[in-house]
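K.L.:
Here's a structure for you.
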Amino acid sequence: MIKNFFKVAYRNLLRNKGFSVINITGLAIGMSAAILILLWIQDELSYDEFHENKDRIYEVWNRVPFDGKLSLWNSVPSPLGPALEKDIPEVERAVRVVSYEGLLSVGDKKIVKSGQMVDTGFLQMFSFPMLEGDPSTALNEVHSLVLTESTAKALFGNEEALGKIVKLENRDNFTVTGIVKDPPSNSRFDFEYLLPMAYKKYGEGQDLGWSDNSTPTYVILRPNASFATVSAKIKDLKQRYDGGEAKELKWEYLIYPLKRWHLYSSFTNGEEDNNGRIGFVKLFAIIAGFILLIACINFMNLSTARSEKRAKEVGIRKSIGAQKSSLISQFIGESVFLALLAGIIALLIVQVSLPAYNKLTDKALFINYGNIYTWIAFVGFILFTGLLAGSYPAFFLSSFQPVKVLKGTFKKANALVTPRKVLVVLQFTFAIVLIICTIIVKQQIDYARDRKIGYNKDHLVYHFMTGDIPKNFELIKNELISSGIARSITRTNSPITDRWSDGWGQSWEGKDPNDKTSFDRFLSDEDLGNTVGLQFVQGRDFDLKKFPTDSTGLIINESALKVMKFKDPIGKVVGDLGIDWHIVGVVKDFILTNPYEPINPLLICGAKSRFMTFQVMQIKLNGGNATDKNLGRAEAIFRKYNPEYPFDIKFVDQAYAKNFEREKLQGTLAALFAGLTIFISCLGLFGLATYMAENRVKEIGIRKILGASVTGITTLLSKDFVKLVLISLLIATPLAWWGMDKWLQNYSYRVGIEWWVFALAGALSVLIALLTVSYQSIRAALGNPVKSLRAE
């Protein structure tokens, strides 16, 4: 029986080569798109799922009410970790994790790598497999060092690394006490080496205490510990240790489970909202389902469009005793066979597409062909697709009545509503929705990109203050300017595109005691305005040579001035971080971080800050020289004064462009999937056009004999498809408007949804549909009526 099924399917493939190629191509493209999306979804859902104790691991968060709303963030005071182990019996271990980038050197080999300083229990809490060393003791000593496999290879090649000495920052010697496997790409922990947290105190003095919320902290609860019990005990820990403002603000801590870190950690007024990555994952899952469904719909349309050629086969089989169930099995078996062929082609498409897809999504996705579960999933995917695609054609073809089939009276080609028309409307509805989404996402990106940023990013670059740059800063600065490479240079605590410090609790004359405004902070020495192109509306820039007291000077933006309500701000004193700052200037608002959000009040502090340090050189290159020439000469100067570290200039315009990466990815993927959907939908339209042309061939012949023109017949055949697309547009418009309006609510600075977007999407869809069906329509109109009527 099965052998017969495959024999019939094979003969049908050969007999209808063109039809088979189109059918398999449509299925293969849909299946490959679905596989790529499912790979991405699987990667997202598996983030940090490899940890053996994942059900007991939590992250500690702050929860503080401001202006009647609850704010949450996931960096806490450094002393909280030890306090949790001491005061909460249910906490088995607490681990703090602080990012650290430094120069590792072994002899003449020197590399800059990104690491993390962690508490001793890090390798026991998290499941990063150790290739060498003991995870329970590897980080016990202050000068212990754990390397990843790739870092060990970079430093020691194929030599044994365990027990060897590595120098950090040309300053301290560390002993390699362990080698771990490189962290997987789907983990929030991305390190190339680990240092003990004890080294932070050894190298930098005491931590900043309970007032500094900058340390990510994780806990693992004891087996059978109650989440509710721990949550209640940890809630007021800040108030017990810090008192004062913490009690006044009703400051709380909470623990957040590992399983929700990556996908759900987006909050509005203290509650999870729908803006986390889980929304993106759900959207991708829906898109994958729809693309696969559309590919199957295309298969259905093409299969039923050829129903006349198989109708007599069905009639004869039934007349000699074939059961309906046998016919259904035959047709579903054929669809599964086609799905298998399409699946093999889809895997080839996926393999070819993966490098570009990984680059687009910033992933390292792959198919593990050596895993038995991969093949089980693939077989299941083939069977599901084959059953979905073949179900309607199987029941449709098997339902033919032998008497009507053999008399040729079983068709109702001109019915107002048919399943095929409904399926085509569904296809184009989804395609139009994606077209509209693509246009609006692009509009939103352009709208934010065109927003005035408030400074001049042209020829503006920055370099981190690595190695010997801090002590040689003045020499580097003078040589860069005197040689004509740079026009001006300043030092800051962070790049101009980032916020590395913020907080509340500032004091000034006339401040409302209930004001809990949070200010962004920036640290700078002289010449910041000239270097980055800030626009002063009052006062002046820092000038330490002319005004030495500018070390405690303060520049504020217009938003900060509105909060402080000074009529004449110059000279006014603002208390912050234990220092009384005097305002020397007010600048126009400029975008420090997110171009989609309102600009926050900003304090630009002078050089005397004890809590922020200069970590970045901001350099305005000489625009009169070629950029390559400037960089080449600058590299020589940096290597002269900082020979141990690589020259690593970063462009501000490129850093600013990263703000648009998420939206750009969404727009690119929407456009890609819209294109695939349209292509597959066009195959479906082609199938329906073929079906209608075959069923109206005699009608067309009679019309031609009676004098109908080719244009008239083409219009007659095409208008039905235009109607289907217009119906799709009517359905898609409210759906797309609702979805994009909801998406835009995530942005305070957003574009409006205009009517012409829907008109453009409709016009494109109609044009695509006309181009698709015109071939069949014109071909039918040009046919010889003698041939079409000869059977009569």
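In the structure tokens, chains take letters A, B, ... by order of appearance, with residues numbered from 1 within each chain and ligands from 1 in the order shown.
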Using only C-alpha atoms, which residues of stretch 26-78 of chain A come within 12 Å of stretch 504-524 of chain A, and what is the closest atom pair for each, with the distance in Å to one decimal? Give it as CSV, sorted by chain and residue number.

P.N.:
```
residue,atom,partner,partner_atom,distance
A:Val64,CA,A:Lys516,CA,11.0
A:Pro65,CA,A:Lys516,CA,9.5
A:Phe66,CA,A:Lys516,CA,6.5
A:Asp67,CA,A:Lys516,CA,7.1
A:Gly68,CA,A:Lys516,CA,10.4
A:Lys69,CA,A:Lys516,CA,11.5
A:Ser71,CA,A:Ser518,CA,11.2
```

K.L.:
Residues of stretch 381-609 of chain A in alpha helix (DSSP H) according to DSSP, as JSON, numbers by chain?

P.N.:
{"A": [381, 382, 383, 384, 385, 386, 387, 388, 389, 390, 391, 392, 393, 394, 395, 396, 397, 398, 402, 403, 404, 405, 406, 407, 419, 420, 421, 422, 423, 424, 425, 426, 427, 428, 429, 430, 431, 432, 433, 434, 435, 436, 437, 438, 439, 440, 441, 442, 443, 444, 445, 446, 447, 448, 449, 473, 474, 475, 476, 477, 478, 479, 480, 481, 482, 528, 529, 530, 531, 532, 558, 559, 560, 561, 562, 563, 564]}

K.L.:
Could you list, as a PyMOL selection string, every residue within 9 Å of stretch 53-55 of chain A, counting only C-alpha atoms and ignoring same-chain residues fewer than 5 positions away?

P.N.:
chain A and resi 48+125-127+220+257-259

K.L.:
Point out the residue among A:Leu84, A:Ile678, A:Ala295, A:Ala161 with the least atom-to-atom distance to A:Phe174, counting only C-alpha atoms.

P.N.:
A:Ala161

K.L.:
Please indicate the distance in Å from atom CA of A:Arg662 to atom CA of A:Trp755, rounded to one decimal place.

P.N.:
25.5 Å

K.L.:
Report, in Å to a single decimal, how far apart atom CA of A:Lys457 and atom CA of A:Asp653 are.

P.N.:
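Separating atom CA of A:Asp653 from atom CA of A:Lys457 is a distance of 5.7 Å.
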
K.L.:
Using only C-alpha atoms, which residue out of A:Ser391, A:Ser46, A:Thr429, A:Ser231 lies closest to A:Thr733?

P.N.:
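Under the stated criterion, the closest residue is A:Thr429.
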
K.L.:
When you look at stretch 112-119 of chain A with a cut-off of 10 Å (counting only C-alpha atoms), what residues show up, excluding the ones that are within fewer than 3 positions of it in the same chain? I need them as number ranges by chain.

P.N.:
A: 81-82, 93-105, 122-123, 139-140, 145-148, 151, 168-169, 189-200, 217, 466, 644-646

K.L.:
For A:Thr677, which of A:Tyr47, A:Phe430, A:Tyr256, A:Phe381 is the closest residue, counting only C-alpha atoms?

P.N.:
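Between A:Tyr47, A:Phe430, A:Tyr256, A:Phe381, the residue approaching A:Thr677 most closely is A:Phe430.
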
K.L.:
Among stretch 172-384 of chain A, which ones does DSSP assign to strand (DSSP E or B) (computed from the backbone)? Answer as a VMD selection string.

P.N.:
chain A and resid 172 to 180 193 to 196 215 217 to 221 252 to 257 267 to 268 271 to 272

K.L.:
Quick one: residues within 10 Å of A:Leu383, only C-alpha atoms, excluding same-chain residues fewer than 5 positions away - as a PyMOL selection string?

P.N.:
chain A and resi 332-333+335-337+339-340+377-378+388-389
